[in-house]
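Trainee: Next comes data.csv, CSV, C-alpha atoms and all ligand atoms:
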```csv
chain,number,residue,atom,x,y,z
A,169,MET,CA,0.7,-10.3,29.3
A,170,THR,CA,-0.8,-7.2,30.9
A,171,ASP,CA,-2.2,-4.2,29.1
A,172,ALA,CA,-2.4,-6.1,25.8
A,173,TYR,CA,-5.0,-4.5,23.6
A,174,SER,CA,-6.4,-4.5,20.1
A,175,ILE,CA,-8.6,-2.2,18.0
A,176,ASN,CA,-11.8,-3.9,16.9
A,177,ILE,CA,-14.9,-3.2,14.9
A,178,HIS,CA,-18.2,-4.8,15.8
A,179,GLU,CA,-20.1,-3.0,13.0
A,180,HIS,CA,-19.2,-1.3,9.7
A,181,GLY,CA,-19.2,2.5,9.6
A,182,GLY,CA,-17.1,5.6,10.0
A,183,PRO,CA,-13.9,5.9,12.0
A,184,GLU,CA,-16.0,6.0,15.2
A,185,VAL,CA,-16.6,2.2,15.0
A,186,LEU,CA,-12.9,1.5,15.8
A,187,LYS,CA,-12.9,0.5,19.5
A,188,VAL,CA,-9.9,-0.1,21.9
A,189,GLU,CA,-10.4,-3.4,23.7
A,190,PRO,CA,-8.4,-5.7,26.0
A,191,LEU,CA,-6.6,-8.5,24.1
A,192,GLU,CA,-6.0,-12.1,25.2
A,193,ILE,CA,-3.2,-13.1,22.9
A,194,GLY,CA,-2.7,-16.6,24.2
A,195,GLU,CA,0.2,-19.0,23.6
A,196,ALA,CA,2.0,-19.4,20.2
A,197,GLY,CA,0.5,-22.5,18.6
A,198,PRO,CA,2.5,-24.9,16.4
A,199,GLY,CA,4.2,-22.9,13.6
A,200,GLU,CA,3.2,-19.6,15.1
A,201,ALA,CA,5.1,-16.7,16.6
A,202,VAL,CA,3.9,-14.0,19.0
A,203,VAL,CA,5.2,-10.5,18.2
A,204,ARG,CA,5.2,-7.5,20.6
A,205,GLN,CA,4.6,-4.8,18.0
A,206,THR,CA,6.5,-1.5,17.9
A,207,ALA,CA,5.1,-0.1,14.6
A,208,ILE,CA,2.1,-0.7,12.5
A,209,GLY,CA,1.5,0.6,8.9
A,210,LEU,CA,-1.7,2.3,8.1
A,211,ASN,CA,-3.1,1.4,4.7
A,212,PHE,CA,-6.1,2.5,2.6
A,213,ILE,CA,-7.3,-1.1,2.6
A,214,ASP,CA,-7.9,-0.8,6.4
A,215,THR,CA,-10.6,1.8,5.6
A,216,TYR,CA,-12.3,-0.6,3.1
A,217,HIS,CA,-12.5,-3.3,5.9
A,218,ARG,CA,-13.9,-0.7,8.3
A,219,THR,CA,-16.6,0.5,5.9
A,220,GLY,CA,-17.4,-3.0,4.6
A,221,LEU,CA,-16.4,-2.2,0.9
A,222,TYR,CA,-14.2,-5.3,1.3
A,223,PRO,CA,-16.3,-7.9,3.2
A,224,VAL,CA,-14.9,-9.2,6.6
A,225,LYS,CA,-16.5,-11.3,9.3
A,226,LEU,CA,-17.4,-9.3,12.4
A,227,PRO,CA,-16.1,-8.7,15.0
A,228,PHE,CA,-12.9,-7.8,13.2
A,229,THR,CA,-9.4,-6.5,14.1
A,230,PRO,CA,-8.3,-4.3,11.1
A,231,GLY,CA,-4.7,-3.7,10.2
A,232,SER,CA,-2.7,-5.3,7.4
A,233,GLU,CA,1.0,-5.0,8.4
A,234,GLY,CA,3.2,-4.6,11.4
A,235,ALA,CA,6.7,-4.9,12.8
A,236,GLY,CA,8.1,-5.7,16.2
A,237,VAL,CA,10.1,-8.1,18.3
A,238,VAL,CA,9.3,-11.9,18.6
A,239,GLU,CA,8.3,-12.8,22.2
A,240,ALA,CA,7.6,-16.5,21.8
A,241,VAL,CA,7.5,-19.2,19.1
A,242,GLY,CA,5.4,-22.4,19.0
A,243,ASP,CA,6.4,-25.9,18.2
A,244,GLY,CA,8.2,-26.5,14.9
A,245,VAL,CA,9.4,-23.0,14.4
A,246,GLU,CA,13.1,-23.1,13.6
A,247,ASP,CA,13.8,-19.9,11.7
A,248,LEU,CA,12.7,-17.5,14.3
A,249,LYS,CA,13.4,-17.1,18.0
A,250,ALA,CA,12.5,-14.7,20.9
A,251,GLY,CA,14.2,-11.4,20.4
A,252,ASP,CA,14.3,-11.4,16.6
A,253,ARG,CA,13.0,-8.3,14.9
A,254,VAL,CA,10.4,-9.1,12.2
A,255,ALA,CA,7.8,-7.5,9.9
A,256,TYR,CA,4.8,-9.2,8.4
A,257,LEU,CA,1.7,-8.7,6.3
A,258,GLY,CA,-1.4,-10.2,7.9
A,259,ALA,CA,-4.9,-9.4,9.1
A,260,GLY,CA,-5.4,-8.1,12.6
A,261,ALA,CA,-2.4,-5.8,12.9
A,262,TYR,CA,-4.1,-3.1,15.0
A,263,ALA,CA,-3.0,-4.5,18.3
A,264,SER,CA,-0.2,-4.3,20.8
A,265,HIS,CA,0.7,-8.0,20.1
A,266,PHE,CA,0.2,-10.1,17.0
A,267,LYS,CA,0.1,-13.9,16.7
A,268,GLY,CA,0.5,-15.5,13.2
A,269,PRO,CA,2.4,-18.0,11.1
A,270,ALA,CA,6.1,-17.7,11.6
A,271,ALA,CA,6.8,-18.8,8.0
A,272,ARG,CA,5.1,-15.5,6.8
A,273,MET,CA,7.3,-13.3,9.0
A,274,LEU,CA,10.3,-11.6,7.5
A,275,LYS,CA,13.4,-11.2,9.7
A,276,LEU,CA,14.6,-7.6,9.5
A,277,PRO,CA,18.2,-6.8,8.5
A,278,ASP,CA,20.0,-4.6,11.0
A,279,SER,CA,19.9,-1.7,8.5
A,280,ILE,CA,16.0,-1.6,8.5
A,281,SER,CA,14.3,-0.3,11.6
A,282,GLU,CA,10.9,-1.7,12.6
A,283,GLU,CA,9.3,1.7,11.9
A,284,THR,CA,10.8,1.7,8.4
A,285,ALA,CA,9.5,-1.8,7.8
A,286,ALA,CA,6.0,-0.9,8.9
A,287,ALA,CA,6.1,2.2,6.7
A,288,VAL,CA,7.2,0.4,3.5
A,289,LEU,CA,6.4,-3.3,3.6
A,290,LEU,CA,2.9,-3.4,2.1
A,291,LYS,CA,3.2,-0.3,0.0
A,292,GLY,CA,6.7,-1.2,-1.3
A,293,LEU,CA,5.7,-4.7,-2.2
A,294,THR,CA,2.8,-3.1,-4.1
A,295,ALA,CA,5.2,-0.9,-6.0
A,296,TRP,CA,7.3,-4.1,-6.7
A,297,MET,CA,4.2,-5.9,-8.0
A,298,LEU,CA,3.4,-2.9,-10.3
A,299,LEU,CA,6.9,-2.4,-11.7
A,300,PHE,CA,8.2,-6.0,-11.9
A,301,GLU,CA,5.5,-8.6,-11.7
A,302,ILE,CA,2.5,-7.5,-13.7
A,303,ARG,CA,4.7,-6.2,-16.5
A,304,ARG,CA,8.3,-5.1,-16.3
A,305,ALA,CA,8.7,-1.4,-16.4
A,306,SER,CA,11.3,-0.5,-19.1
A,307,PRO,CA,13.7,2.4,-19.5
A,308,GLY,CA,12.4,5.1,-21.9
A,309,GLU,CA,8.7,4.5,-21.2
A,310,THR,CA,6.4,7.0,-19.7
A,311,ALA,CA,4.0,6.3,-16.8
A,312,LEU,CA,1.2,8.2,-15.1
A,313,VAL,CA,1.3,7.7,-11.4
A,314,TRP,CA,-1.9,8.8,-9.5
A,315,ALA,CA,-1.7,9.9,-5.8
A,316,ALA,CA,2.0,10.4,-6.5
A,317,ALA,CA,2.7,11.8,-3.0
A,318,GLY,CA,0.7,9.1,-1.1
A,319,GLY,CA,1.9,5.9,0.6
A,320,VAL,CA,2.3,3.7,-2.5
A,321,GLY,CA,3.0,6.7,-4.7
A,322,SER,CA,6.0,8.0,-2.8
A,323,LEU,CA,7.7,4.6,-3.3
A,324,LEU,CA,6.4,4.0,-6.8
A,325,VAL,CA,7.7,7.3,-8.1
A,326,PRO,CA,11.4,7.0,-7.1
A,327,TRP,CA,11.5,3.2,-7.9
A,328,ALA,CA,10.0,3.8,-11.4
A,329,SER,CA,12.3,6.7,-12.0
A,330,SER,CA,15.4,4.7,-11.0
A,331,LEU,CA,14.5,2.2,-13.8
A,332,GLY,CA,14.6,5.0,-16.4
A,333,VAL,CA,10.8,5.5,-16.6
A,334,ARG,CA,9.6,9.0,-17.2
A,335,VAL,CA,7.1,9.6,-14.4
A,336,ILE,CA,4.1,12.0,-14.7
A,337,GLY,CA,2.6,12.3,-11.3
A,338,VAL,CA,-1.0,13.3,-10.5
A,339,THR,CA,-1.8,14.8,-7.2
A,340,SER,CA,-4.2,17.3,-5.6
A,341,THR,CA,-2.2,20.2,-4.2
A,342,ALA,CA,0.9,22.3,-4.9
A,343,GLU,CA,2.5,21.0,-1.6
A,344,LYS,CA,2.1,17.4,-2.6
A,345,ALA,CA,3.3,18.2,-6.1
A,346,GLU,CA,6.6,19.4,-4.6
A,347,LEU,CA,6.9,16.2,-2.6
A,348,ALA,CA,6.4,14.1,-5.7
A,349,ARG,CA,8.9,16.1,-7.7
A,350,ALA,CA,11.4,15.7,-5.0
A,351,LYS,CA,10.9,11.9,-5.2
A,352,GLY,CA,11.7,12.0,-9.0
A,353,ALA,CA,8.5,12.8,-10.8
A,354,ASP,CA,9.5,14.5,-14.1
A,355,ALA,CA,6.2,16.4,-14.4
A,356,ILE,CA,3.1,16.9,-12.3
A,357,ILE,CA,-0.6,17.2,-13.3
A,358,LEU,CA,-3.0,18.5,-10.7
A,359,SER,CA,-6.1,16.3,-10.4
A,360,SER,CA,-8.3,19.4,-10.8
A,361,GLU,CA,-6.9,19.7,-14.4
A,362,ASP,CA,-8.0,17.7,-17.4
A,363,VAL,CA,-5.5,14.9,-16.7
A,364,ALA,CA,-5.9,13.1,-20.1
A,365,ALA,CA,-5.5,16.3,-22.1
A,366,ARG,CA,-2.5,17.4,-20.0
A,367,THR,CA,-0.9,14.0,-20.4
A,368,ARG,CA,-1.3,14.3,-24.2
A,369,GLU,CA,0.4,17.7,-24.1
A,370,LEU,CA,3.3,16.4,-22.0
A,371,THR,CA,3.9,13.5,-24.4
A,372,GLY,CA,3.6,15.3,-27.7
A,373,GLY,CA,0.2,13.8,-28.3
A,374,ALA,CA,1.4,10.2,-27.9
A,375,GLY,CA,0.0,9.3,-24.4
A,376,VAL,CA,1.6,7.1,-21.8
A,377,ASP,CA,2.6,3.5,-21.8
A,378,VAL,CA,1.0,2.7,-18.5
A,379,SER,CA,-1.3,4.3,-15.9
A,380,TYR,CA,-0.8,3.2,-12.3
A,381,ASP,CA,-4.2,4.2,-11.0
A,382,SER,CA,-5.0,4.0,-7.3
A,383,VAL,CA,-7.8,6.5,-7.3
A,384,GLY,CA,-10.4,4.4,-9.1
A,385,LYS,CA,-13.8,5.8,-9.7
A,386,ASP,CA,-12.8,9.4,-10.3
A,387,SER,CA,-9.7,8.7,-12.4
A,388,ALA,CA,-10.5,5.6,-14.5
A,389,GLU,CA,-11.8,7.5,-17.5
A,390,ALA,CA,-8.8,9.9,-17.6
A,391,SER,CA,-6.4,6.9,-17.3
A,392,LEU,CA,-8.0,5.2,-20.3
A,393,ASN,CA,-7.9,8.4,-22.3
A,394,ALA,CA,-4.3,9.1,-21.4
A,395,LEU,CA,-2.9,5.8,-22.8
A,396,LYS,CA,-1.0,5.1,-26.0
A,397,PRO,CA,-2.4,2.3,-28.2
A,398,ARG,CA,-1.6,-1.0,-26.5
A,399,GLY,CA,-1.0,0.9,-23.2
A,400,TRP,CA,-1.7,-0.6,-19.8
A,401,PHE,CA,-4.5,0.5,-17.5
A,402,ILE,CA,-3.4,-0.9,-14.1
A,403,THR,CA,-6.2,0.0,-11.8
A,404,TYR,CA,-5.1,-1.1,-8.3
A,405,GLY,CA,-7.0,1.0,-5.8
A,406,ASN,CA,-10.3,2.6,-5.0
A,407,ALA,CA,-9.4,5.7,-3.0
A,408,SER,CA,-12.4,7.6,-4.6
A,409,GLY,CA,-14.6,4.5,-4.8
A,410,PRO,CA,-14.7,1.4,-7.0
A,411,VAL,CA,-14.3,1.7,-10.8
A,412,GLU,CA,-17.5,1.4,-12.9
A,413,PRO,CA,-17.4,-1.6,-15.3
A,414,VAL,CA,-15.4,-1.0,-18.5
A,415,PRO,CA,-16.9,-2.8,-21.6
A,416,PRO,CA,-14.2,-4.8,-23.5
A,417,GLY,CA,-15.1,-2.9,-26.7
A,418,ILE,CA,-13.8,0.3,-25.1
A,419,LEU,CA,-10.3,-1.3,-24.7
A,420,ASN,CA,-10.4,-2.1,-28.4
A,421,ALA,CA,-11.7,1.3,-29.5
A,422,LYS,CA,-9.0,3.2,-27.5
A,423,GLY,CA,-6.2,1.1,-29.1
A,424,SER,CA,-6.1,-2.5,-27.9
A,425,LEU,CA,-5.5,-1.4,-24.3
A,426,VAL,CA,-4.7,-3.9,-21.5
A,427,MET,CA,-6.6,-3.5,-18.3
A,428,THR,CA,-5.8,-5.4,-15.1
A,429,ARG,CA,-7.0,-5.1,-11.5
A,430,PRO,CA,-4.3,-6.7,-9.4
A,431,GLY,CA,-4.2,-7.5,-5.7
A,432,LEU,CA,-0.9,-7.8,-3.9
A,433,PHE,CA,-1.9,-10.9,-2.0
A,434,HIS,CA,-2.1,-13.0,-5.2
A,435,PHE,CA,1.6,-12.1,-5.9
A,436,ILE,CA,2.9,-13.1,-2.5
A,437,ALA,CA,0.6,-15.9,-1.6
A,438,ASP,CA,3.5,-18.4,-1.9
A,439,ALA,CA,6.7,-18.3,0.0
A,440,ASP,CA,8.7,-17.7,-3.2
A,441,GLY,CA,6.7,-14.6,-4.2
A,442,LEU,CA,7.0,-13.1,-0.7
A,443,ARG,CA,10.8,-13.7,-0.4
A,444,ARG,CA,11.4,-12.4,-3.9
A,445,GLY,CA,9.4,-9.2,-3.3
A,446,ALA,CA,11.0,-8.6,0.1
A,447,ALA,CA,14.5,-9.1,-1.4
A,448,ALA,CA,13.8,-6.6,-4.1
A,449,LEU,CA,12.3,-4.1,-1.6
A,450,PHE,CA,15.0,-4.5,1.1
A,451,GLY,CA,17.6,-4.3,-1.7
A,452,ALA,CA,16.1,-1.0,-3.0
A,453,LEU,CA,16.2,0.4,0.6
A,454,ARG,CA,19.8,-0.6,1.1
A,455,ALA,CA,20.8,0.9,-2.2
A,456,GLY,CA,19.1,4.2,-1.3
A,457,THR,CA,16.7,3.9,-4.3
A,458,LEU,CA,13.9,4.0,-1.8
A,459,LYS,CA,13.6,5.7,1.6
A,460,ALA,CA,10.7,5.4,4.1
A,461,ASP,CA,8.8,8.6,3.9
A,462,ILE,CA,6.8,8.8,7.1
A,463,GLY,CA,4.6,11.8,6.7
A,464,GLN,CA,2.8,11.4,10.0
A,465,ARG,CA,2.6,9.2,13.1
A,466,PHE,CA,-0.4,8.5,15.4
A,467,ALA,CA,-0.8,6.6,18.6
A,468,LEU,CA,-2.5,3.3,17.7
A,469,LYS,CA,-5.3,4.2,20.2
A,470,ASP,CA,-5.9,7.3,18.0
A,471,VAL,CA,-6.3,5.3,14.9
A,472,ALA,CA,-9.8,6.8,14.2
A,473,GLU,CA,-8.0,10.1,13.7
A,474,ALA,CA,-5.5,8.5,11.4
A,475,HIS,CA,-8.4,7.0,9.2
A,476,ARG,CA,-10.0,10.5,9.0
A,477,ALA,CA,-6.7,12.0,7.8
A,478,LEU,CA,-6.1,9.3,5.2
A,479,GLU,CA,-9.7,9.3,3.8
A,480,GLY,CA,-9.7,13.2,3.9
A,481,ARG,CA,-6.5,13.3,1.6
A,482,GLY,CA,-4.7,14.9,4.6
A,483,THR,CA,-1.7,12.6,4.6
A,484,THR,CA,1.5,12.4,2.6
A,485,GLY,CA,3.8,9.4,2.3
A,486,ALA,CA,3.3,6.6,4.8
A,487,THR,CA,1.5,6.8,8.2
A,488,VAL,CA,2.8,4.8,11.1
A,489,LEU,CA,0.7,3.8,14.1
A,490,GLU,CA,2.5,3.5,17.5
A,491,PRO,CA,1.1,0.9,19.8
B,1,LIG,P1,-2.5,7.0,-0.1
B,1,LIG,O1,-1.5,7.4,0.9
B,1,LIG,O2,-2.2,7.0,-1.5
B,1,LIG,O3,-3.9,7.8,0.1
B,1,LIG,C1,-4.8,7.9,-0.9
B,1,LIG,C2,-4.6,9.1,-1.8
B,1,LIG,O4,-5.5,9.0,-2.9
B,1,LIG,C3,-4.9,10.4,-1.2
B,1,LIG,O5,-3.9,10.9,-0.4
B,1,LIG,C4,-5.3,11.3,-2.4
B,1,LIG,O6,-4.0,11.8,-3.0
B,1,LIG,C5,-5.8,10.2,-3.4
B,1,LIG,N1,-7.3,10.4,-3.6
B,1,LIG,C6,-7.8,10.8,-4.7
B,1,LIG,N2,-9.1,10.9,-4.6
B,1,LIG,C7,-9.4,10.6,-3.3
B,1,LIG,C8,-10.6,10.6,-2.6
B,1,LIG,N3,-11.8,10.8,-3.1
B,1,LIG,N4,-10.6,10.2,-1.3
B,1,LIG,C9,-9.4,10.0,-0.7
B,1,LIG,N5,-8.2,10.0,-1.4
B,1,LIG,C10,-8.2,10.3,-2.7
B,1,LIG,O7,-3.0,5.5,0.3
B,1,LIG,P2,-2.2,4.1,0.2
B,1,LIG,O8,-0.9,4.4,-0.3
B,1,LIG,O9,-2.4,3.4,1.5
B,1,LIG,O10,-3.1,3.3,-0.9
B,1,LIG,C11,-3.2,3.9,-2.2
B,1,LIG,C12,-4.2,3.1,-3.0
B,1,LIG,O11,-3.6,1.9,-3.4
B,1,LIG,C13,-5.5,2.7,-2.2
B,1,LIG,O12,-6.6,2.8,-3.1
B,1,LIG,C14,-5.2,1.3,-1.9
B,1,LIG,O13,-6.4,0.6,-1.7
B,1,LIG,C15,-4.4,0.8,-3.1
B,1,LIG,N6,-3.6,-0.3,-2.8
B,1,LIG,C16,-3.8,-1.5,-3.5
B,1,LIG,C17,-3.1,-2.6,-3.3
B,1,LIG,C18,-3.4,-3.8,-4.2
B,1,LIG,O14,-2.8,-4.8,-3.9
B,1,LIG,N7,-4.2,-3.7,-5.2
B,1,LIG,C19,-2.1,-2.7,-2.3
B,1,LIG,C20,-1.8,-1.4,-1.6
B,1,LIG,C21,-2.6,-0.3,-1.9
B,1,LIG,P3,-4.1,13.2,-3.8
B,1,LIG,O15,-4.5,14.2,-2.8
B,1,LIG,O16,-2.7,13.3,-4.2
B,1,LIG,O17,-5.0,13.0,-4.9
```
Rewrite the structure of this file - the entire thing - as C-alpha cells.

Mentor:
Amino acid sequence: MTDAYSINIHEHGGPEVLKVEPLEIGEAGPGEAVVRQTAIGLNFIDTYHRTGLYPVKLPFTPGSEGAGVVEAVGDGVEDLKAGDRVAYLGAGAYASHFKGPAARMLKLPDSISEETAAAVLLKGLTAWMLLFEIRRASPGETALVWAAAGGVGSLLVPWASSLGVRVIGVTSTAEKAELARAKGADAIILSSEDVAARTRELTGGAGVDVSYDSVGKDSAEASLNALKPRGWFITYGNASGPVEPVPPGILNAKGSLVMTRPGLFHFIADADGLRRGAAALFGALRAGTLKADIGQRFALKDVAEAHRALEGRGTTGATVLEP
C-alpha cells in the first residue's frame, strides 16, 4: 500500500500540531475491514482531541468519521466484502486508509454518496439523538437551536421543523441567519443580542420547551433563562468552552427544569442503537427531509487550515476532508 498516510498529533496544541506522516495500515485482523477512504467528516470534537480538552493517549490520529471503499476484510467478516461502499464512526479517521471493526461499518445505499455520508453521519446521528432518543420532539413545541447554520445545526433545524417543531435559531451573522432560515428556522436571534429576552419576546413571554445548546460556556445561562417551566436544557457541546457547573437548586428556581449533557457514543454503543439511528438518518435523507449541506471542502493534508476555520466560526454546514 504505497503513499498511505495519516495525520497525527504528538503533543496537544493549536492546529500546527497536526502532522502528515506515512501510515503502515497492515492486514485486516479477525472481524476487521480495511477501507480506502474517499471522504472524511470534520467535527468539532476533533479540535477537543487536538487541544486535550478531551483526553487522548499520544501519539494520536484524530478524526471521528469517514467513508470509502472496502479493500480487504479479515477472518469471520461475512457482511462486508472488497468493493463495498461504507461509512463509519471511529477514532483515527484522518488517514488515507482506516482499519476497524467491520460490524461497526454501515453499508451505504446506492442513493447516498461517500461524501454525503461523511458530511452527515456523525452530525445527523447527533440530531437523531437530540430529537428522538433523549426526549421525543413533538409537534407544536418550540425549540431554541444554537449554531443553527453549523454542522449539527443545519441538520437539526430541518429535521425538527419537519416534525412540526417551531425552531428559533441562534447564530452570529446575517449570512448564517439566511442559511438557517432557508433550512426551516421560523425565527433567528443573533448571538450578539440578549438571547433569553428575545426568546421571551418571540414566545409571548412563555419561553421555549427545549434548548439544544452546542455553544456551551457562553450560552448556558441564556439557555436556562429562555426555558419554560419544566423545559429541557440539552447542553451537548462546548464550542465556546465547557459549561460552568449548574447547582441543582437553579433548576428548581427556574421552574423544575431538566438538564442533560448527552454524548452520542452512549446512544450508539450497541449494534441496535447504531442501526436504528442510521435507518432514521438514511430514511430522512431518502425522503428529502435532510440534505447534506457541505459548506466547504479541504484536502486532508490541509486539515490544520480546516481546524482554524471551524474554531474561528468561519464554516457553515458540514466540512469534508478529501484524502
Ligand atoms: P459547528 O459547525 O456547529 O461549529 C461550531 C459553531 O459554534 C460555530 O460555527 C459557531 O456558530 C458556534 N460558536 C459559538 N461560539 C463559538 C466560539 N466561541 N468558538 C467557535 N464556535 C462558536 O460544529 P459541529 O457541528 O461539528 O459541532 C457543534 C457542537 O456540537 C460542538 O460543540 C460539538 O462538540 C457538539 N457535538 C456534540 C456531540 C455529542 O455527542 N454531544 C456530537 C456532535 C457534536 P455561530 O457563528 O452561528 O455562533

Trainee: What are the closest atom pairs, with distances in Å to one decimal, for each residue of chain A lying within 7 Å of ligand LIG 1 (chain B), using all atoms listed in the file, rows by chain and rising residue number, as CSV?

Mentor:
```
residue,atom,partner,partner_atom,distance
A:Leu210,CA,B:LIG1,O9,6.7
A:Asn211,CA,B:LIG1,O9,3.8
A:Phe212,CA,B:LIG1,O9,4.0
A:Ile213,CA,B:LIG1,O13,4.7
A:Leu290,CA,B:LIG1,C20,6.3
A:Lys291,CA,B:LIG1,C20,5.4
A:Thr294,CA,B:LIG1,C19,5.2
A:Trp314,CA,B:LIG1,O17,7.0
A:Ala315,CA,B:LIG1,O16,3.9
A:Ala316,CA,B:LIG1,O16,6.0
A:Ala317,CA,B:LIG1,O16,5.7
A:Gly318,CA,B:LIG1,O1,3.4
A:Gly319,CA,B:LIG1,O8,3.3
A:Val320,CA,B:LIG1,O8,3.9
A:Gly321,CA,B:LIG1,O2,6.1
A:Val338,CA,B:LIG1,O16,6.5
A:Thr339,CA,B:LIG1,O16,3.5
A:Ser340,CA,B:LIG1,O15,4.2
A:Thr341,CA,B:LIG1,O15,6.6
A:Lys344,CA,B:LIG1,O16,6.5
A:Ser359,CA,B:LIG1,O17,6.5
A:Ser382,CA,B:LIG1,C12,4.5
A:Val383,CA,B:LIG1,C6,5.0
A:Asp386,CA,B:LIG1,N2,7.0
A:Tyr404,CA,B:LIG1,N7,4.1
A:Gly405,CA,B:LIG1,O12,3.3
A:Asn406,CA,B:LIG1,O12,4.2
A:Ala407,CA,B:LIG1,O12,4.0
A:Ser408,CA,B:LIG1,N3,3.6
A:Pro430,CA,B:LIG1,N7,5.2
A:Gly431,CA,B:LIG1,O14,3.5
A:Leu432,CA,B:LIG1,O14,3.6
A:Phe433,CA,B:LIG1,O14,6.5
A:Leu478,CA,B:LIG1,O3,5.8
A:Glu479,CA,B:LIG1,C9,4.6
A:Gly480,CA,B:LIG1,C9,5.6
A:Arg481,CA,B:LIG1,O5,4.1
A:Gly482,CA,B:LIG1,O5,6.5
A:Thr483,CA,B:LIG1,O5,5.7
A:Thr484,CA,B:LIG1,O1,6.1
A:Gly485,CA,B:LIG1,O1,5.8
A:Ala486,CA,B:LIG1,O1,6.2
```

Trainee: Can you work out which one of A:Glu343, A:Asp278, A:Asp377, A:Glu369 has the shortest atom-to-atom distance to Thr310 in chain A, counting all atoms listed in the file?

Mentor: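 The shortest atom-to-atom distance to Thr310 in chain A comes from A:Asp377.
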
Trainee: Just to confirm, what's the straight-line distance from CA of Ala196 in chain A to CA of Pro491 in chain A in Å (one decimal)?

Mentor: 20.3 Å

Trainee: Can you tell me which residues surround Ala421 in chain A at a distance of at most 12 Å, considering all atoms listed in the file, apart from same-chain residues fewer than 4 positions away, and format the answer as a PyMOL selection string?

Mentor: chain A and resi 392-393+395-398+414-417+425-426

Trainee: So the first atom is CA of Glu233 in chain A and the second is CA of Leu289 in chain A; what is the distance between them in Å, to one decimal place?

Mentor: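 Interatomic distance, CA of Glu233 in chain A to CA of Leu289 in chain A: 7.4 Å.
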
Trainee: Centre and edge lengths of an axis-aligned box around all listed atoms of range 357-371 of chain A, with 5 Å added on each side, are to be given in Å to one decimal, as lines of an AutoDock Vina configuration file.

Mentor:
```
center_x = -2.2
center_y = 16.4
center_z = -17.4
size_x = 22.2
size_y = 16.6
size_z = 24.0
```

Trainee: Can you find the residues with an atom no farther than 10 Å from (-1.9, 15.5, -19.0), counting only C-alpha atoms, and report them as a ChimeraX atom specification?

Mentor: /A:312,336-338,355-359,361-371,373,375-376,390-391,393-394

Trainee: Write a file of the selected residues as an mmCIF file, keeping the file's coordinate frame, keeping C-alpha atoms.

Mentor:
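In the end it all went to out13.cif:
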```
data_model
loop_
_atom_site.group_PDB
_atom_site.id
_atom_site.type_symbol
_atom_site.label_atom_id
_atom_site.label_comp_id
_atom_site.auth_asym_id
_atom_site.auth_seq_id
_atom_site.Cartn_x
_atom_site.Cartn_y
_atom_site.Cartn_z
ATOM 1 C CA LEU A 312 1.200 8.200 -15.100
ATOM 2 C CA ILE A 336 4.100 12.000 -14.700
ATOM 3 C CA GLY A 337 2.600 12.300 -11.300
ATOM 4 C CA VAL A 338 -1.000 13.300 -10.500
ATOM 5 C CA ALA A 355 6.200 16.400 -14.400
ATOM 6 C CA ILE A 356 3.100 16.900 -12.300
ATOM 7 C CA ILE A 357 -0.600 17.200 -13.300
ATOM 8 C CA LEU A 358 -3.000 18.500 -10.700
ATOM 9 C CA SER A 359 -6.100 16.300 -10.400
ATOM 10 C CA GLU A 361 -6.900 19.700 -14.400
ATOM 11 C CA ASP A 362 -8.000 17.700 -17.400
ATOM 12 C CA VAL A 363 -5.500 14.900 -16.700
ATOM 13 C CA ALA A 364 -5.900 13.100 -20.100
ATOM 14 C CA ALA A 365 -5.500 16.300 -22.100
ATOM 15 C CA ARG A 366 -2.500 17.400 -20.000
ATOM 16 C CA THR A 367 -0.900 14.000 -20.400
ATOM 17 C CA ARG A 368 -1.300 14.300 -24.200
ATOM 18 C CA GLU A 369 0.400 17.700 -24.100
ATOM 19 C CA LEU A 370 3.300 16.400 -22.000
ATOM 20 C CA THR A 371 3.900 13.500 -24.400
ATOM 21 C CA GLY A 373 0.200 13.800 -28.300
ATOM 22 C CA GLY A 375 0.000 9.300 -24.400
ATOM 23 C CA VAL A 376 1.600 7.100 -21.800
ATOM 24 C CA ALA A 390 -8.800 9.900 -17.600
ATOM 25 C CA SER A 391 -6.400 6.900 -17.300
ATOM 26 C CA ASN A 393 -7.900 8.400 -22.300
ATOM 27 C CA ALA A 394 -4.300 9.100 -21.400
#
```

Trainee: Report, in Å to a single decimal, how far apart CA of Pro326 in chain A and CA of Met427 in chain A are.

Mentor: 23.7 Å

Trainee: Go through A:Ala452, A:Leu248, A:Leu276, A:Ala374 and flag the residue nearest Gly399 in chain A, using only C-alpha atoms for the distances.

Mentor: A:Ala374

Trainee: Excluding range 217-226 of chain A and its own-chain neighbours fewer than 2 positions away, which residues fall within 12 Å of it when counting all atoms listed in the file? Please give them as a PyMOL selection string.

Mentor: chain A and resi 175-187+211-215+228-232+259-260+405-410+471-472+475-476+479

Trainee: Would you list the contacts of Val325 in chain A as a count of residues only, taking every protein, DNA or RNA residue within 8 Å and counting all atoms listed in the file, but skipping same-chain residues closer than 6 positions in sequence?

Mentor: 8

Trainee: Name the residues in contact with Val203 in chain A at a cut-off of 10 Å, using all atoms listed in the file, excluding same-chain residues fewer than 2 positions from it; report them as number ranges by chain.

Mentor: A: 193, 196, 200-201, 205-206, 234-241, 250-256, 264-268, 270, 273
